[in-house]
file start00.csv (CSV, C-alpha atoms)
chain,number,residue,atom,x,y,z
A,1,MET,CA,-8.1,25.4,15.8
A,2,SER,CA,-6.5,27.8,13.4
A,3,TYR,CA,-5.8,26.9,9.8
A,4,ILE,CA,-2.1,26.8,10.3
A,5,GLY,CA,-2.7,24.5,13.3
A,6,ILE,CA,-4.7,22.2,11.1
A,7,LEU,CA,-2.0,22.1,8.5
A,8,ILE,CA,0.8,21.3,11.0
A,9,THR,CA,-1.4,18.8,12.8
A,10,TYR,CA,-2.2,16.7,9.7
A,11,ILE,CA,1.2,17.0,8.0
A,12,PHE,CA,3.4,16.3,11.0
A,13,VAL,CA,1.6,15.5,14.3
A,14,GLN,CA,-1.2,13.3,13.0
A,15,ASN,CA,0.4,12.2,9.7
A,16,PHE,CA,-1.9,9.5,8.2
A,17,ILE,CA,0.9,7.2,7.1
A,18,LEU,CA,3.5,7.5,9.8
A,19,VAL,CA,1.4,8.2,12.9
A,20,GLN,CA,-2.0,6.8,12.2
A,21,PHE,CA,-0.9,4.0,9.9
A,22,LEU,CA,-3.6,4.6,7.3
A,23,GLY,CA,-3.0,4.1,3.6
A,24,LEU,CA,0.0,1.8,3.9
A,25,CYS,CA,-0.8,-0.2,0.8
A,26,PRO,CA,-0.1,2.6,-1.8
A,27,PHE,CA,2.6,3.9,0.5
A,28,ILE,CA,4.6,0.6,0.2
A,29,GLY,CA,3.5,-0.2,-3.3
A,30,VAL,CA,4.2,3.1,-5.1
A,31,SER,CA,7.2,4.3,-3.2
A,32,LYS,CA,9.7,2.4,-5.3
A,33,SER,CA,10.4,5.5,-7.5
A,34,SER,CA,10.2,9.2,-6.9
A,35,GLU,CA,8.2,9.9,-10.0
A,36,SER,CA,5.4,7.5,-9.2
A,37,ALA,CA,5.5,8.7,-5.5
A,38,ILE,CA,5.1,12.3,-6.5
A,39,GLY,CA,2.2,11.4,-8.9
A,40,MET,CA,0.4,9.3,-6.3
A,41,GLY,CA,1.0,12.1,-3.6
A,42,MET,CA,-0.5,14.7,-5.9
A,43,ALA,CA,-3.5,12.5,-6.8
A,44,VAL,CA,-4.2,11.7,-3.1
A,45,THR,CA,-3.8,15.3,-2.1
A,46,PHE,CA,-6.4,16.4,-4.8
A,47,VAL,CA,-8.8,13.6,-3.8
A,48,THR,CA,-8.5,14.2,0.0
A,49,GLY,CA,-9.0,18.0,-0.4
A,50,ILE,CA,-12.0,17.8,-2.7
A,51,ALA,CA,-13.5,14.7,-1.0
A,52,SER,CA,-13.3,16.5,2.4
A,53,ALA,CA,-15.3,19.5,1.1
A,54,VAL,CA,-17.8,17.4,-0.9
A,55,CYS,CA,-18.3,14.9,2.0
A,56,TRP,CA,-18.9,17.8,4.4
A,57,ALA,CA,-21.5,19.2,2.1
A,58,VAL,CA,-23.2,15.8,1.5
A,59,TYR,CA,-23.3,15.2,5.3
A,60,TYR,CA,-24.7,18.6,6.4
A,61,PHE,CA,-26.9,19.3,3.4
A,62,LEU,CA,-28.2,15.9,2.5
A,63,LEU,CA,-27.7,13.4,5.4
A,64,VAL,CA,-28.4,15.5,8.4
A,65,PRO,CA,-31.6,17.2,7.2
A,66,PHE,CA,-33.1,13.8,6.4
A,67,ALA,CA,-31.8,12.1,9.5
A,68,LEU,CA,-29.6,9.7,7.4
A,69,GLU,CA,-26.4,10.2,9.3
A,70,TYR,CA,-26.0,6.4,9.6
A,71,LEU,CA,-25.4,6.3,5.8
A,72,ARG,CA,-22.3,8.5,6.3
A,73,THR,CA,-19.7,5.9,5.4
A,74,ILE,CA,-21.5,4.6,2.3
A,75,ALA,CA,-22.1,8.2,1.0
A,76,PHE,CA,-18.5,9.2,1.6
A,77,ILE,CA,-17.2,6.1,-0.3
A,78,LEU,CA,-19.4,6.9,-3.2
A,79,VAL,CA,-18.1,10.5,-3.3
A,80,ILE,CA,-14.5,9.3,-3.1
A,81,ALA,CA,-15.0,6.7,-5.8
A,82,ALA,CA,-16.4,9.3,-8.2
A,83,LEU,CA,-13.5,11.6,-7.5
A,84,VAL,CA,-10.9,8.9,-8.0
A,85,GLN,CA,-12.5,8.0,-11.4
A,86,PHE,CA,-12.2,11.6,-12.4
A,87,VAL,CA,-8.5,11.7,-11.3
A,88,GLU,CA,-7.8,8.4,-13.1
A,89,MET,CA,-9.3,9.8,-16.4
A,90,VAL,CA,-7.3,13.0,-16.1
A,91,ILE,CA,-4.0,11.2,-15.4
A,92,ARG,CA,-4.6,8.7,-18.2
A,93,LYS,CA,-5.1,11.6,-20.7
A,94,MET,CA,-2.4,13.9,-19.4
A,95,SER,CA,0.4,11.5,-18.5
A,96,PRO,CA,0.1,7.9,-19.8
A,97,SER,CA,3.5,7.0,-18.4
A,98,LEU,CA,2.5,8.1,-14.9
A,99,TYR,CA,-0.8,6.3,-15.3
A,100,LYS,CA,1.1,3.1,-16.2
A,101,ALA,CA,3.6,3.6,-13.3
A,102,LEU,CA,0.8,4.0,-10.7
A,103,GLY,CA,-0.9,0.9,-12.1
A,104,ILE,CA,-3.4,-0.8,-9.8
A,105,TYR,CA,-2.6,1.7,-6.9
A,106,LEU,CA,-4.5,4.6,-8.6
A,107,PRO,CA,-8.0,2.9,-8.4
A,108,LEU,CA,-7.0,1.8,-4.9
A,109,ILE,CA,-7.2,5.4,-3.7
A,110,THR,CA,-11.0,4.7,-3.6
A,111,THR,CA,-10.5,2.2,-0.8
A,112,ASN,CA,-7.6,4.1,0.7
A,113,CYS,CA,-8.7,4.4,4.4
A,114,ALA,CA,-6.7,7.7,4.7
A,115,VAL,CA,-9.1,9.4,2.3
A,116,LEU,CA,-12.2,8.1,4.0
A,117,GLY,CA,-10.5,8.7,7.4
A,118,ILE,CA,-10.0,12.4,6.9
A,119,ALA,CA,-13.6,12.9,5.7
A,120,ILE,CA,-14.9,11.2,8.9
A,121,ILE,CA,-12.5,13.0,11.2
A,122,ASN,CA,-13.6,16.3,9.7
A,123,ILE,CA,-17.2,15.6,10.7
A,124,ASP,CA,-16.3,14.1,14.1
A,125,ASN,CA,-14.2,17.2,14.9
A,126,GLY,CA,-17.0,19.6,13.8
A,127,TYR,CA,-14.9,21.4,11.2
A,128,ASN,CA,-16.6,23.9,9.0
A,129,LEU,CA,-16.3,23.6,5.2
A,130,LEU,CA,-13.0,25.6,4.9
A,131,GLU,CA,-11.5,23.7,7.9
A,132,SER,CA,-12.5,20.4,6.3
A,133,PHE,CA,-10.9,21.3,3.0
A,134,THR,CA,-7.8,22.5,4.8
A,135,ALA,CA,-7.6,19.3,6.8
A,136,GLY,CA,-8.0,17.3,3.6
A,137,VAL,CA,-5.3,19.1,1.8
A,138,ALA,CA,-3.0,18.9,4.8
A,139,ALA,CA,-3.6,15.1,5.1
A,140,GLY,CA,-2.8,14.7,1.4
A,141,LEU,CA,0.4,16.8,1.8
A,142,GLY,CA,1.4,14.7,4.8
A,143,PHE,CA,0.8,11.6,2.7
A,144,THR,CA,2.8,13.1,-0.1
A,145,MET,CA,5.7,14.1,2.1
A,146,ALA,CA,5.9,10.6,3.7
A,147,ILE,CA,5.7,8.8,0.3
A,148,ILE,CA,8.4,11.0,-1.3
A,149,LEU,CA,10.7,10.5,1.7
A,150,MET,CA,10.1,6.8,1.5
A,151,SER,CA,10.8,6.7,-2.3
A,152,ASN,CA,14.1,8.5,-1.8
A,153,ILE,CA,15.1,6.0,1.0
A,154,ARG,CA,14.1,3.0,-1.2
A,155,GLU,CA,16.0,4.3,-4.2
A,156,LYS,CA,19.1,4.6,-2.0
A,157,LEU,CA,18.5,1.2,-0.5
A,158,GLU,CA,18.5,-0.3,-4.1
A,159,MET,CA,22.1,0.7,-4.5
A,160,THR,CA,23.1,-0.3,-0.9
A,161,PRO,CA,24.3,-3.8,0.0
A,162,VAL,CA,21.5,-5.2,2.2
A,163,ARG,CA,21.3,-8.8,3.4
A,164,LYS,CA,19.2,-10.9,1.1
A,165,VAL,CA,16.6,-11.6,3.8
A,166,PHE,CA,15.9,-7.9,4.2
A,167,LYS,CA,15.9,-7.0,0.5
A,168,GLY,CA,12.7,-5.4,-0.9
A,169,VAL,CA,9.6,-5.0,1.3
A,170,PRO,CA,11.2,-6.1,4.6
A,171,ILE,CA,13.7,-3.2,4.6
A,172,ALA,CA,11.0,-0.9,3.4
A,173,PHE,CA,8.9,-1.7,6.4
A,174,ILE,CA,11.9,-1.3,8.8
A,175,SER,CA,12.6,2.1,7.2
A,176,ALA,CA,9.0,3.1,7.5
A,177,GLY,CA,9.0,2.1,11.2
A,178,LEU,CA,12.1,4.3,11.8
A,179,MET,CA,10.4,7.2,10.0
A,180,ALA,CA,7.3,6.7,12.1
A,181,LEU,CA,9.3,6.8,15.3
A,182,ALA,CA,10.8,10.1,14.1
A,183,PHE,CA,7.3,11.6,13.4
A,184,MET,CA,6.0,10.4,16.7
A,185,ALA,CA,8.4,12.9,18.3
A,186,PHE,CA,6.0,15.6,17.0
A,187,ASP,CA,3.4,16.1,19.7
A,188,LYS,CA,0.2,18.0,20.2
A,189,SER,CA,2.1,20.1,22.7
A,190,LEU,CA,4.0,21.5,19.6
A,191,ILE,CA,0.7,23.0,18.4
A,192,THR,CA,-0.1,24.3,21.8
A,193,ASN,CA,3.3,25.8,22.4
A,194,LEU,CA,3.2,27.5,19.0
A,195,HIS,CA,-0.2,29.0,20.0
A,196,LEU,CA,-1.9,27.5,16.9
A,197,VAL,CA,-4.9,26.1,18.7
call {"tool": "encode", "arguments": {"input": "start00.csv", "output": "structure tokens"}}
result
Amino acid sequence: MSYIGILITYIFVQNFILVQFLGLCPFIGVSKSSESAIGMGMAVTFVTGIASAVCWAVYYFLLVPFALEYLRTIAFILVIAALVQFVEMVIRKMSPSLYKALGIYLPLITTNCAVLGIAIINIDNGYNLLESFTAGVAAGLGFTMAIILMSNIREKLEMTPVRKVFKGVPIAFISAGLMALAFMAFDKSLITNLHLV
């Protein structure tokens, strides 16, 4: 698959939030404001991009030569945890207000199944190092796009009269469901028709 095909696939066709339903905890928790959504999206994009490349290297240069492929999940989680700690330290230093806004959801990137998911998908699809990095960045960009769209919708919903029973998280899930339906209209045939495979 071409690099443009990988980008389109993981941003639109296989969007981790809206199509594969991975990483919903930070998606719902941090999408209350655009500022925190952008910050979380940037953090996740950085972590997915770097983690994809590092996990690929760990798998092919450390696990495969010693026949330790069965330790893939544990090794990938350790890599992701280290990267998240690095991102957390940088955000705390550079933007204390963003660090406070992200709160508990920043360390939760470590257990965000979307980050681990893209690292495993890269190995299962047999991507090379650059393809893995591209897929990781694309998955992060898809996450960022989804969370920013959701934050804009939730900000508008705060000023819209909504029945009390739907206020807050229920209307957020309904909105996310409608967004997911829209994204499911993208299909792998789009990639094929654009000759990006």
call {"tool": "residues_around", "arguments": {"input": "start00.csv", "residues": "region 39-49 of chain A", "least_positions_apart": "4", "cutoff": "8 Å", "atoms": "all atoms listed in the file", "output": "CSV table (one decimal) with C-alpha atoms, in the coordinates of the input"}}
result
chain,number,residue,atom,x,y,z
A,30,VAL,CA,4.2,3.1,-5.1
A,35,GLU,CA,8.2,9.9,-10.0
A,53,ALA,CA,-15.3,19.5,1.1
A,80,ILE,CA,-14.5,9.3,-3.1
A,83,LEU,CA,-13.5,11.6,-7.5
A,84,VAL,CA,-10.9,8.9,-8.0
A,87,VAL,CA,-8.5,11.7,-11.3
A,98,LEU,CA,2.5,8.1,-14.9
A,102,LEU,CA,0.8,4.0,-10.7
A,106,LEU,CA,-4.5,4.6,-8.6
A,109,ILE,CA,-7.2,5.4,-3.7
A,115,VAL,CA,-9.1,9.4,2.3
A,118,ILE,CA,-10.0,12.4,6.9
A,119,ALA,CA,-13.6,12.9,5.7
A,132,SER,CA,-12.5,20.4,6.3
A,133,PHE,CA,-10.9,21.3,3.0
A,134,THR,CA,-7.8,22.5,4.8
A,135,ALA,CA,-7.6,19.3,6.8
A,136,GLY,CA,-8.0,17.3,3.6
A,137,VAL,CA,-5.3,19.1,1.8
A,138,ALA,CA,-3.0,18.9,4.8
A,139,ALA,CA,-3.6,15.1,5.1
A,140,GLY,CA,-2.8,14.7,1.4
A,141,LEU,CA,0.4,16.8,1.8
A,143,PHE,CA,0.8,11.6,2.7
A,144,THR,CA,2.8,13.1,-0.1
A,145,MET,CA,5.7,14.1,2.1
A,147,ILE,CA,5.7,8.8,0.3
A,148,ILE,CA,8.4,11.0,-1.3
call {"tool": "atom_distance", "arguments": {"input": "start00.csv", "atom1": "CA of Ala81 (chain A)", "atom2": "CA of Ile6 (chain A)"}}
result
25.1 Å
call {"tool": "closest_residue", "arguments": {"input": "start00.csv", "among": "A:Val162, A:Ile74, A:Cys55, A:Leu24", "to": "Gly177 (chain A)", "atoms": "only C-alpha atoms"}}
result
A:Leu24
call {"tool": "residues_near_point", "arguments": {"input": "start00.csv", "point": "(7.2, 16.1, 12.4)", "cutoff": "8 Å", "atoms": "all atoms listed in the file", "output": "ChimeraX atom specification"}}
result
/A:11-13,182-186
call {"tool": "atom_distance", "arguments": {"input": "start00.csv", "atom1": "CA of Ala37 (chain A)", "atom2": "CA of Ser151 (chain A)"}}
result
6.5 Å
call {"tool": "axis_aligned_box", "arguments": {"input": "start00.csv", "around": "region 59-67 of chain A", "padding_each_side": "8 Å", "output": "lines of an AutoDock Vina configuration file"}}
result
center_x = -28.2
center_y = 15.7
center_z = 6.0
size_x = 25.8
size_y = 23.2
size_z = 23.0
